[in-house]
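*Asks:* PDB, C-alpha atoms, file upload.pdb:
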```
ATOM      1  CA  MET A 179       3.889   9.228  24.056  1.00  0.00           C
ATOM      2  CA  ASP A 180       1.947  12.375  23.211  1.00  0.00           C
ATOM      3  CA  VAL A 181      -0.605  11.203  20.632  1.00  0.00           C
ATOM      4  CA  ASN A 182      -1.201  14.143  18.305  1.00  0.00           C
ATOM      5  CA  LEU A 183      -2.662  12.906  15.041  1.00  0.00           C
ATOM      6  CA  ARG A 184      -3.570  15.526  12.443  1.00  0.00           C
ATOM      7  CA  ASP A 185      -5.490  15.219   9.202  1.00  0.00           C
ATOM      8  CA  LEU A 186      -3.794  15.445   5.823  1.00  0.00           C
ATOM      9  CA  ARG A 187      -6.056  15.670   2.774  1.00  0.00           C
ATOM     10  CA  SER A 188      -5.041  14.911  -0.784  1.00  0.00           C
ATOM     11  CA  VAL A 189      -4.652  17.965  -3.005  1.00  0.00           C
ATOM     12  CA  ARG A 190      -6.123  15.911  -5.867  1.00  0.00           C
ATOM     13  CA  ASN A 191      -9.163  14.759  -3.925  1.00  0.00           C
ATOM     14  CA  PRO A 192      -9.874  16.358  -0.514  1.00  0.00           C
ATOM     15  CA  LYS A 193     -12.227  13.473   0.309  1.00  0.00           C
ATOM     16  CA  VAL A 194      -9.165  11.238   0.597  1.00  0.00           C
ATOM     17  CA  ARG A 195      -7.355  11.799   3.875  1.00  0.00           C
ATOM     18  CA  ILE A 196      -4.840  10.184   6.167  1.00  0.00           C
ATOM     19  CA  LYS A 197      -3.640  11.094   9.653  1.00  0.00           C
ATOM     20  CA  ILE A 198      -0.011  11.779  10.497  1.00  0.00           C
ATOM     21  CA  MET A 199       1.929  12.079  13.754  1.00  0.00           C
ATOM     22  CA  GLN A 200       5.487  13.262  14.333  1.00  0.00           C
ATOM     23  CA  GLY A 201       7.858  11.272  16.526  1.00  0.00           C
ATOM     24  CA  HIS A 202      10.358   8.409  16.439  1.00  0.00           C
ATOM     25  CA  PHE A 203       8.873   5.181  15.140  1.00  0.00           C
ATOM     26  CA  ALA A 204      10.296   1.747  14.352  1.00  0.00           C
ATOM     27  CA  ARG A 205       9.129  -0.261  11.327  1.00  0.00           C
ATOM     28  CA  SER A 206      10.183  -3.756  10.271  1.00  0.00           C
ATOM     29  CA  HIS A 207      12.959  -2.544   7.939  1.00  0.00           C
ATOM     30  CA  SER A 208      13.524   1.066   9.024  1.00  0.00           C
ATOM     31  CA  HIS A 209      12.887   3.918  11.425  1.00  0.00           C
ATOM     32  CA  VAL A 210      10.732   6.910  10.455  1.00  0.00           C
ATOM     33  CA  ASN A 211      10.016  10.329  11.938  1.00  0.00           C
ATOM     34  CA  THR A 212       6.346  10.327  10.945  1.00  0.00           C
ATOM     35  CA  TYR A 213       3.625   7.769  11.601  1.00  0.00           C
ATOM     36  CA  ILE A 214       1.008   7.565   8.849  1.00  0.00           C
ATOM     37  CA  ASP A 215      -2.414   6.283   9.910  1.00  0.00           C
ATOM     38  CA  ILE A 216      -4.486   4.877   7.032  1.00  0.00           C
ATOM     39  CA  SER A 217      -7.076   3.100   9.187  1.00  0.00           C
ATOM     40  CA  THR A 218      -9.897   5.447   8.112  1.00  0.00           C
ATOM     41  CA  ILE A 219      -9.307   4.671   4.436  1.00  0.00           C
ATOM     42  CA  LYS A 220      -9.181   0.929   5.127  1.00  0.00           C
ATOM     43  CA  SER A 221     -12.225   0.843   7.396  1.00  0.00           C
ATOM     44  CA  ARG A 222     -14.796   3.376   6.174  1.00  0.00           C
ATOM     45  CA  CYS A 223     -16.780   2.750   3.020  1.00  0.00           C
ATOM     46  CA  ASP A 224     -16.857   6.307   1.621  1.00  0.00           C
ATOM     47  CA  HIS A 225     -13.166   6.937   2.285  1.00  0.00           C
ATOM     48  CA  ALA A 226     -12.179   3.594   0.773  1.00  0.00           C
ATOM     49  CA  ARG A 227     -14.241   4.307  -2.350  1.00  0.00           C
ATOM     50  CA  GLU A 228     -12.677   7.747  -2.878  1.00  0.00           C
ATOM     51  CA  ALA A 229      -9.165   6.357  -2.390  1.00  0.00           C
ATOM     52  CA  ALA A 230      -9.972   3.637  -4.922  1.00  0.00           C
ATOM     53  CA  ARG A 231     -11.017   6.280  -7.465  1.00  0.00           C
ATOM     54  CA  MET A 232      -7.617   7.967  -7.144  1.00  0.00           C
ATOM     55  CA  LEU A 233      -5.605   4.774  -7.345  1.00  0.00           C
ATOM     56  CA  THR A 234      -7.592   3.340 -10.258  1.00  0.00           C
ATOM     57  CA  GLU A 235      -7.119   6.321 -12.613  1.00  0.00           C
ATOM     58  CA  PRO A 236      -3.672   5.348 -14.014  1.00  0.00           C
ATOM     59  CA  TYR A 237      -4.877   1.849 -14.925  1.00  0.00           C
ATOM     60  CA  LEU A 238      -8.298   2.471 -16.489  1.00  0.00           C
ATOM     61  CA  SER A 239      -7.207   2.628 -20.108  1.00  0.00           C
ATOM     62  CA  SER A 240      -3.767   1.066 -20.074  1.00  0.00           C
ATOM     63  CA  ALA A 241      -3.409  -1.999 -17.837  1.00  0.00           C
ATOM     64  CA  GLU A 242      -5.013  -5.425 -18.057  1.00  0.00           C
ATOM     65  CA  VAL A 243      -5.956  -6.478 -14.529  1.00  0.00           C
ATOM     66  CA  ASP A 244      -7.261  -9.945 -13.656  1.00  0.00           C
ATOM     67  CA  THR A 245      -6.345  -9.932  -9.973  1.00  0.00           C
ATOM     68  CA  ILE A 246      -5.626  -7.335  -7.298  1.00  0.00           C
ATOM     69  CA  VAL A 247      -3.222  -8.622  -4.641  1.00  0.00           C
ATOM     70  CA  CYS A 248      -3.809  -6.645  -1.447  1.00  0.00           C
ATOM     71  CA  LEU A 249      -1.146  -6.070   1.193  1.00  0.00           C
ATOM     72  CA  ASP A 250      -1.604  -4.411   4.596  1.00  0.00           C
ATOM     73  CA  GLY A 251      -5.298  -5.284   4.909  1.00  0.00           C
ATOM     74  CA  MET A 252      -6.304  -3.250   1.848  1.00  0.00           C
ATOM     75  CA  GLU A 253      -9.009  -5.618   0.595  1.00  0.00           C
ATOM     76  CA  VAL A 254     -11.875  -3.103   0.992  1.00  0.00           C
ATOM     77  CA  VAL A 255     -10.098  -0.544  -1.194  1.00  0.00           C
ATOM     78  CA  GLY A 256      -9.104  -3.334  -3.570  1.00  0.00           C
ATOM     79  CA  ALA A 257     -12.735  -4.395  -4.008  1.00  0.00           C
ATOM     80  CA  PHE A 258     -13.755  -0.839  -4.912  1.00  0.00           C
ATOM     81  CA  MET A 259     -10.864  -0.659  -7.379  1.00  0.00           C
ATOM     82  CA  ALA A 260     -12.002  -3.888  -9.021  1.00  0.00           C
ATOM     83  CA  GLU A 261     -15.539  -2.518  -9.307  1.00  0.00           C
ATOM     84  CA  LEU A 262     -14.293   0.688 -10.953  1.00  0.00           C
ATOM     85  CA  LEU A 263     -11.946  -1.133 -13.326  1.00  0.00           C
ATOM     86  CA  ALA A 264     -14.655  -3.544 -14.455  1.00  0.00           C
ATOM     87  CA  ALA A 265     -17.576  -1.089 -14.565  1.00  0.00           C
ATOM     88  CA  PRO A 266     -19.817  -1.634 -17.636  1.00  0.00           C
ATOM     89  CA  GLY A 267     -19.761   1.248 -20.090  1.00  0.00           C
ATOM     90  CA  SER A 268     -16.476   2.628 -18.757  1.00  0.00           C
ATOM     91  CA  VAL A 269     -13.393   3.356 -20.860  1.00  0.00           C
ATOM     92  CA  SER A 270     -11.495   0.698 -18.916  1.00  0.00           C
ATOM     93  CA  VAL A 271      -9.814  -2.120 -20.823  1.00  0.00           C
ATOM     94  CA  ASN A 272     -11.091  -4.364 -18.005  1.00  0.00           C
ATOM     95  CA  ARG A 273     -14.805  -3.558 -18.261  1.00  0.00           C
ATOM     96  CA  GLY A 274     -17.014  -6.563 -17.668  1.00  0.00           C
ATOM     97  CA  LYS A 275     -14.291  -8.609 -15.970  1.00  0.00           C
ATOM     98  CA  ASN A 276     -14.785 -10.503 -12.721  1.00  0.00           C
ATOM     99  CA  ILE A 277     -11.566  -9.306 -11.054  1.00  0.00           C
ATOM    100  CA  SER A 278     -10.233 -11.379  -8.148  1.00  0.00           C
ATOM    101  CA  ILE A 279      -9.184  -9.863  -4.802  1.00  0.00           C
ATOM    102  CA  VAL A 280      -6.623 -11.913  -2.846  1.00  0.00           C
ATOM    103  CA  ALA A 281      -4.127 -11.368  -0.052  1.00  0.00           C
ATOM    104  CA  PRO A 282      -0.954 -13.385   0.543  1.00  0.00           C
ATOM    105  CA  GLU A 283      -0.210 -15.151   3.795  1.00  0.00           C
ATOM    106  CA  SER A 284       3.147 -15.162   5.569  1.00  0.00           C
ATOM    107  CA  ASN A 285       4.645 -18.512   6.531  1.00  0.00           C
ATOM    108  CA  GLN A 286       6.831 -19.266   9.547  1.00  0.00           C
ATOM    109  CA  LEU A 287       9.902 -18.018   7.675  1.00  0.00           C
ATOM    110  CA  GLY A 288       8.281 -14.681   6.895  1.00  0.00           C
ATOM    111  CA  GLN A 289       7.841 -15.577   3.226  1.00  0.00           C
ATOM    112  CA  MET A 290       4.677 -14.614   1.362  1.00  0.00           C
ATOM    113  CA  MET A 291       2.609 -17.479  -0.011  1.00  0.00           C
ATOM    114  CA  PHE A 292      -0.738 -18.324  -1.587  1.00  0.00           C
ATOM    115  CA  ARG A 293      -2.728 -21.432  -0.679  1.00  0.00           C
ATOM    116  CA  ASP A 294      -3.650 -24.006  -3.307  1.00  0.00           C
ATOM    117  CA  ASN A 295      -7.187 -22.632  -3.540  1.00  0.00           C
ATOM    118  CA  THR A 296      -6.049 -19.053  -4.269  1.00  0.00           C
ATOM    119  CA  LYS A 297      -2.843 -19.497  -6.267  1.00  0.00           C
ATOM    120  CA  ARG A 298      -4.940 -20.057  -9.412  1.00  0.00           C
ATOM    121  CA  MET A 299      -5.987 -16.402  -9.073  1.00  0.00           C
ATOM    122  CA  VAL A 300      -2.317 -15.396  -9.401  1.00  0.00           C
ATOM    123  CA  GLY A 301      -0.717 -17.887 -11.786  1.00  0.00           C
ATOM    124  CA  GLY A 302      -1.104 -16.824 -15.416  1.00  0.00           C
ATOM    125  CA  GLN A 303      -2.954 -13.663 -14.367  1.00  0.00           C
ATOM    126  CA  ASN A 304      -2.269  -9.954 -14.830  1.00  0.00           C
ATOM    127  CA  VAL A 305      -1.792  -8.695 -11.283  1.00  0.00           C
ATOM    128  CA  LEU A 306      -2.086  -5.235  -9.743  1.00  0.00           C
ATOM    129  CA  ILE A 307      -0.490  -4.964  -6.283  1.00  0.00           C
ATOM    130  CA  LEU A 308      -2.147  -2.645  -3.753  1.00  0.00           C
ATOM    131  CA  ALA A 309      -0.352  -1.647  -0.539  1.00  0.00           C
ATOM    132  CA  GLY A 310      -1.170   0.608   2.371  1.00  0.00           C
ATOM    133  CA  SER A 311       2.210   2.203   2.992  1.00  0.00           C
ATOM    134  CA  LEU A 312       5.620   1.784   1.349  1.00  0.00           C
ATOM    135  CA  ASN A 313       8.895   3.041   2.771  1.00  0.00           C
ATOM    136  CA  THR A 314      11.985   1.103   1.700  1.00  0.00           C
ATOM    137  CA  GLY A 315      10.120  -0.997  -0.876  1.00  0.00           C
ATOM    138  CA  LYS A 316      11.383  -4.316   0.546  1.00  0.00           C
ATOM    139  CA  THR A 317       7.903  -5.643   1.257  1.00  0.00           C
ATOM    140  CA  MET A 318       6.752  -4.732  -2.243  1.00  0.00           C
ATOM    141  CA  LEU A 319       9.791  -6.455  -3.761  1.00  0.00           C
ATOM    142  CA  GLN A 320       8.903  -9.543  -1.761  1.00  0.00           C
ATOM    143  CA  ALA A 321       5.330  -9.378  -3.076  1.00  0.00           C
ATOM    144  CA  ILE A 322       6.540  -9.014  -6.673  1.00  0.00           C
ATOM    145  CA  ASP A 323       8.912 -11.970  -6.292  1.00  0.00           C
ATOM    146  CA  THR A 324       6.103 -14.063  -4.800  1.00  0.00           C
ATOM    147  CA  ILE A 325       3.705 -13.295  -7.648  1.00  0.00           C
ATOM    148  CA  LEU A 326       6.379 -14.108 -10.232  1.00  0.00           C
ATOM    149  CA  TYR A 327       7.132 -17.370  -8.397  1.00  0.00           C
ATOM    150  CA  TYR A 328       3.480 -18.395  -8.741  1.00  0.00           C
ATOM    151  CA  GLY A 329       3.520 -17.527 -12.444  1.00  0.00           C
ATOM    152  CA  GLY A 330       1.719 -14.194 -12.327  1.00  0.00           C
ATOM    153  CA  ASN A 331       2.496 -11.058 -14.330  1.00  0.00           C
ATOM    154  CA  VAL A 332       2.787  -7.824 -12.326  1.00  0.00           C
ATOM    155  CA  ASN A 333       1.084  -5.080 -14.326  1.00  0.00           C
ATOM    156  CA  GLY A 334       1.110  -2.309 -11.723  1.00  0.00           C
ATOM    157  CA  VAL A 335       1.940  -1.207  -8.197  1.00  0.00           C
ATOM    158  CA  CYS A 336      -0.029   1.289  -6.111  1.00  0.00           C
ATOM    159  CA  SER A 337      -0.220   2.408  -2.494  1.00  0.00           C
ATOM    160  CA  ILE A 338      -2.007   4.901  -0.267  1.00  0.00           C
ATOM    161  CA  PHE A 339       1.383   6.333   0.767  1.00  0.00           C
ATOM    162  CA  SER A 340       4.800   5.713  -0.734  1.00  0.00           C
ATOM    163  CA  ALA A 341       8.186   7.178   0.089  1.00  0.00           C
ATOM    164  CA  ALA A 342       9.562   5.599  -3.108  1.00  0.00           C
ATOM    165  CA  SER A 343       8.619   6.416  -6.693  1.00  0.00           C
ATOM    166  CA  LYS A 344       9.666   3.114  -8.298  1.00  0.00           C
ATOM    167  CA  VAL A 345      10.165  -0.506  -7.349  1.00  0.00           C
ATOM    168  CA  ALA A 346      11.657  -3.202  -9.601  1.00  0.00           C
ATOM    169  CA  GLY A 347      11.438  -0.756 -12.506  1.00  0.00           C
ATOM    170  CA  LEU A 348       7.698  -0.183 -11.998  1.00  0.00           C
ATOM    171  CA  ASP A 349       6.205   3.221 -11.239  1.00  0.00           C
ATOM    172  CA  ILE A 350       4.441   3.369  -7.876  1.00  0.00           C
ATOM    173  CA  HIS A 351       1.137   5.232  -8.126  1.00  0.00           C
ATOM    174  CA  ALA A 352       0.325   6.638  -4.684  1.00  0.00           C
ATOM    175  CA  ALA A 353      -2.408   8.836  -3.229  1.00  0.00           C
ATOM    176  CA  PHE A 354       0.195  10.473  -0.954  1.00  0.00           C
ATOM    177  CA  THR A 355       3.968  10.830  -1.373  1.00  0.00           C
ATOM    178  CA  THR A 356       6.798  12.621   0.393  1.00  0.00           C
ATOM    179  CA  ALA A 357       5.805  15.713  -1.609  1.00  0.00           C
ATOM    180  CA  ASP A 358       2.739  15.841   0.654  1.00  0.00           C
ATOM    181  CA  ILE A 359       4.893  15.363   3.780  1.00  0.00           C
ATOM    182  CA  PRO A 360       8.142  17.253   2.988  1.00  0.00           C
ATOM    183  CA  ASP A 361       9.795  16.540   6.356  1.00  0.00           C
ATOM    184  CA  TYR A 362       9.146  12.784   6.160  1.00  0.00           C
ATOM    185  CA  GLN A 363      12.361  10.825   6.710  1.00  0.00           C
ATOM    186  CA  VAL A 364      13.196   7.121   6.495  1.00  0.00           C
ATOM    187  CA  TYR A 365      16.335   5.861   8.243  1.00  0.00           C
ATOM    188  CA  PRO A 366      18.044   2.446   8.199  1.00  0.00           C
ATOM    189  CA  SER A 367      17.404   0.745  11.526  1.00  0.00           C
ATOM    190  CA  HIS A 368      21.143   0.391  12.176  1.00  0.00           C
ATOM    191  CA  ALA A 369      21.957   4.008  11.285  1.00  0.00           C
ATOM    192  CA  CYS A 370      19.082   6.036  12.695  1.00  0.00           C
ATOM    193  CA  PRO A 371      20.179   9.570  13.700  1.00  0.00           C
ATOM    194  CA  LEU A 372      17.345   9.779  16.225  1.00  0.00           C
ATOM    195  CA  CYS A 373      18.643   6.665  17.989  1.00  0.00           C
ATOM    196  CA  LYS A 374      22.189   8.047  17.909  1.00  0.00           C
ATOM    197  CA  ALA A 375      20.916  11.268  19.469  1.00  0.00           C
ATOM    198  CA  GLY A 376      19.334   9.299  22.295  1.00  0.00           C
ATOM    199  CA  VAL A 377      15.736   9.941  21.239  1.00  0.00           C
ATOM    200  CA  LYS A 378      13.671   7.005  22.456  1.00  0.00           C
ATOM    201  CA  VAL A 379      11.400   5.109  20.093  1.00  0.00           C
ATOM    202  CA  ASP A 380       7.788   6.158  20.677  1.00  0.00           C
ATOM    203  CA  ALA A 381       6.073   3.185  19.073  1.00  0.00           C
ATOM    204  CA  ILE A 382       6.357   0.162  16.815  1.00  0.00           C
ATOM    205  CA  VAL A 383       4.371   0.905  13.653  1.00  0.00           C
ATOM    206  CA  ASN A 384       3.185  -0.761  10.474  1.00  0.00           C
ATOM    207  CA  SER A 385       0.289  -0.357   8.064  1.00  0.00           C
ATOM    208  CA  TYR A 386      -2.105  -1.838  10.619  1.00  0.00           C
ATOM    209  CA  GLY A 387      -1.379   0.727  13.338  1.00  0.00           C
ATOM    210  CA  TYR A 388       0.971   1.540  16.177  1.00  0.00           C
ATOM    211  CA  SER A 389       1.859   0.081  19.566  1.00  0.00           C
ATOM    212  CA  GLU A 390       3.381   2.416  22.130  1.00  0.00           C
ATOM    213  CA  LEU A 391       6.550   1.401  23.939  1.00  0.00           C
TER
END
```
Take the structure from the file and write it as structure tokens.

*Replies:*
Amino acid sequence: MDVNLRDLRSVRNPKVRIKIMQGHFARSHSHVNTYIDISTIKSRCDHAREAARMLTEPYLSSAEVDTIVCLDGMEVVGAFMAELLAAPGSVSVNRGKNISIVAPESNQLGQMMFRDNTKRMVGGQNVLILAGSLNTGKTMLQAIDTILYYGGNVNGVCSIFSAASKVAGLDIHAAFTTADIPDYQVYPSHACPLCKAGVKVDAIVNSYGYSEL
């Protein structure tokens, strides 16, 4: 595979950037023609903080947040979001709160779950879900169902990148969308035109990275 990652900066905040690569990639629920690398945002302090500023804006004055549930290893960004939401002297309805940051586990059946010591941070709490990358929305739906099962109230959904604009009737607030990557395509795994055309899959990808085939 010819690895050719290029930078893409947000038009709203040039300090927030991802890397993208064209090709044929397989995800858990779909195939895509563009790999989106968010490892810099997840791993570097300054980039994570700037991404958190973008993602926090829609919730500062309107959404009660007690807990941020982080998918895709987004805990660093989630911690910065909690700090911004709870900042003393801010206009946030959450100022002064001690907001929890938790991540679900996956059991042997692939179901999301929270352990007994963390489920109290979800049950009866106003929850904001933070993801790295959303394509079909199936993973986010699973996260929403899990939070509802544990008695939580989902007050918002956000992601670094999202190919969808809504999930379960909730607006998805994303730093990057398909408007930033106009040629981005998501295909059902069983009906991928690239597969039908005989184009081999370059790599298996998810929000953690890629593995070449």

*Asks:* Just say which residues the PyMOL selection byres ((chain A and resi 342-354) around 8) picks in this file, as a ChimeraX atom specification.

*Replies:* /A:188,229,232-233,236,312-315,318-319,334-341,355-358

*Asks:* Enter the distance from CA of Ser208 (chain A) to CA of Asn331 (chain A), in Å, rounded to one decimal.

*Replies:*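 These atoms are spaced 28.5 Å apart.
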
*Asks:* Could you give me, as CSV, a per-residue list for region 298-367 of chain A showing, wherever an atom lies at most 12 Å from an atom of region 241-245 of chain A, the closest pair of atoms and their distance in Å to one decimal, using all atoms listed in the file and sorting by chain then residue number from low to high?

*Replies:*
```
residue,atom,partner,partner_atom,distance
A:Arg298,CA,A:Thr245,CA,10.2
A:Met299,CA,A:Thr245,CA,6.5
A:Val300,CA,A:Thr245,CA,6.8
A:Gly301,CA,A:Thr245,CA,9.9
A:Gly302,CA,A:Asp244,CA,9.4
A:Gln303,CA,A:Asp244,CA,5.7
A:Asn304,CA,A:Val243,CA,5.1
A:Val305,CA,A:Thr245,CA,4.9
A:Leu306,CA,A:Val243,CA,6.3
A:Ile307,CA,A:Thr245,CA,8.5
A:Leu308,CA,A:Thr245,CA,10.5
A:Ile325,CA,A:Thr245,CA,10.8
A:Gly330,CA,A:Thr245,CA,9.4
A:Asn331,CA,A:Val243,CA,9.6
A:Val332,CA,A:Val243,CA,9.1
A:Asn333,CA,A:Ala241,CA,6.5
A:Gly334,CA,A:Ala241,CA,7.6
A:Val335,CA,A:Ala241,CA,11.1
```

*Asks:* Select, counting all atoms listed in the file, all protein, DNA and RNA residues no farther than 8 Å from (-9.8, 3.6, -10.2) in file coordinates, and express the selection as a list in words.

*Replies:*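 Those within range, by chain then number, are Ala230, Arg231, Met232, Leu233, Thr234, Glu235, Pro236, Tyr237, Leu238, Phe258, Met259, Ala260, Leu262 and Leu263 of chain A.
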
*Asks:* Pull out every residue that the PyMOL selection byres ((chain A and resi 211-226) around 9) matches in the shown coordinates and put them as a ChimeraX atom specification.

*Replies:* /A:183,193-204,209-210,227-231,251-256,258,310-311,338-339,359,361-365,372,383-388

*Asks:* Which is closer to Leu249 (chain A) than all the others in A:Pro282, A:Gly329, A:Pro371, A:Pro266, using only C-alpha atoms?

*Replies:*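 Ranked by minimum distance to Leu249 (chain A), first place goes to A:Pro282.
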
*Asks:* Just the number, please: distance in Å from CA of Arg205 (chain A) to CA of Phe292 (chain A), one decimal.

*Replies:*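 Between these atoms lies a distance of 24.3 Å.
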
*Asks:* Distance CA of Arg293 (chain A)-CA of Ile279 (chain A), one decimal place?

*Replies:*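 Taking CA of Arg293 (chain A) and CA of Ile279 (chain A), their separation equals 13.9 Å.
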
*Asks:* I'd like the box whose edges run along x, y and z of the file and which contains every listed atom of region 223-231 of chain A, padded by 3 Å per side; could you state its centre and edge lengths in Å, one decimal, as JSON?

*Replies:*
```
{"center_x": -13.0, "center_y": 5.2, "center_z": -2.2, "size_x": 13.7, "size_y": 11.0, "size_z": 16.5}
```

*Asks:* Using the structure just given, write a file holding N, CA and C atoms for region 337-353 of chain A, as a PDB file, in the first residue's frame.

*Replies:*
```
ATOM      1  N   SER A 337     -18.227  14.198  17.737  1.00  0.00           N
ATOM      2  CA  SER A 337     -17.189  13.353  17.161  1.00  0.00           C
ATOM      3  C   SER A 337     -16.176  14.225  16.423  1.00  0.00           C
ATOM      4  N   ILE A 338     -14.952  13.746  16.319  1.00  0.00           N
ATOM      5  CA  ILE A 338     -13.959  14.468  15.521  1.00  0.00           C
ATOM      6  C   ILE A 338     -14.390  14.483  14.060  1.00  0.00           C
ATOM      7  N   PHE A 339     -14.762  13.316  13.526  1.00  0.00           N
ATOM      8  CA  PHE A 339     -15.298  13.234  12.160  1.00  0.00           C
ATOM      9  C   PHE A 339     -16.606  12.469  12.187  1.00  0.00           C
ATOM     10  N   SER A 340     -17.555  12.910  11.372  1.00  0.00           N
ATOM     11  CA  SER A 340     -18.806  12.165  11.228  1.00  0.00           C
ATOM     12  C   SER A 340     -19.318  12.271   9.800  1.00  0.00           C
ATOM     13  N   ALA A 341     -19.663  11.112   9.245  1.00  0.00           N
ATOM     14  CA  ALA A 341     -20.285  11.081   7.924  1.00  0.00           C
ATOM     15  C   ALA A 341     -21.789  11.250   8.032  1.00  0.00           C
ATOM     16  N   ALA A 342     -22.326  11.161   9.245  1.00  0.00           N
ATOM     17  CA  ALA A 342     -23.765  11.336   9.484  1.00  0.00           C
ATOM     18  C   ALA A 342     -23.995  12.651  10.216  1.00  0.00           C
ATOM     19  N   SER A 343     -25.199  13.195  10.070  1.00  0.00           N
ATOM     20  CA  SER A 343     -25.521  14.456  10.745  1.00  0.00           C
ATOM     21  C   SER A 343     -26.396  14.243  11.979  1.00  0.00           C
ATOM     22  N   LYS A 344     -27.076  13.098  12.036  1.00  0.00           N
ATOM     23  CA  LYS A 344     -27.943  12.776  13.171  1.00  0.00           C
ATOM     24  C   LYS A 344     -27.829  11.299  13.522  1.00  0.00           C
ATOM     25  N   VAL A 345     -28.124  10.988  14.767  1.00  0.00           N
ATOM     26  CA  VAL A 345     -28.235   9.604  15.198  1.00  0.00           C
ATOM     27  C   VAL A 345     -29.274   9.552  16.311  1.00  0.00           C
ATOM     28  N   ALA A 346     -30.233   8.654  16.178  1.00  0.00           N
ATOM     29  CA  ALA A 346     -31.315   8.506  17.165  1.00  0.00           C
ATOM     30  C   ALA A 346     -32.008   9.838  17.449  1.00  0.00           C
ATOM     31  N   GLY A 347     -32.134  10.668  16.418  1.00  0.00           N
ATOM     32  CA  GLY A 347     -32.805  11.954  16.564  1.00  0.00           C
ATOM     33  C   GLY A 347     -31.953  13.055  17.156  1.00  0.00           C
ATOM     34  N   LEU A 348     -30.702  12.751  17.498  1.00  0.00           N
ATOM     35  CA  LEU A 348     -29.789  13.737  18.080  1.00  0.00           C
ATOM     36  C   LEU A 348     -28.853  14.290  17.014  1.00  0.00           C
ATOM     37  N   ASP A 349     -28.628  15.599  17.042  1.00  0.00           N
ATOM     38  CA  ASP A 349     -27.644  16.196  16.146  1.00  0.00           C
ATOM     39  C   ASP A 349     -26.247  15.742  16.546  1.00  0.00           C
ATOM     40  N   ILE A 350     -25.426  15.427  15.543  1.00  0.00           N
ATOM     41  CA  ILE A 350     -24.028  15.081  15.796  1.00  0.00           C
ATOM     42  C   ILE A 350     -23.182  16.321  15.533  1.00  0.00           C
ATOM     43  N   HIS A 351     -22.516  16.816  16.550  1.00  0.00           N
ATOM     44  CA  HIS A 351     -21.625  17.966  16.396  1.00  0.00           C
ATOM     45  C   HIS A 351     -20.215  17.435  16.134  1.00  0.00           C
ATOM     46  N   ALA A 352     -19.678  17.739  14.955  1.00  0.00           N
ATOM     47  CA  ALA A 352     -18.388  17.192  14.551  1.00  0.00           C
ATOM     48  C   ALA A 352     -17.427  18.298  14.127  1.00  0.00           C
ATOM     49  N   ALA A 353     -16.136  18.068  14.392  1.00  0.00           N
ATOM     50  CA  ALA A 353     -15.109  19.010  13.950  1.00  0.00           C
ATOM     51  C   ALA A 353     -14.934  18.942  12.438  1.00  0.00           C
TER      52      ALA A 353
END
```
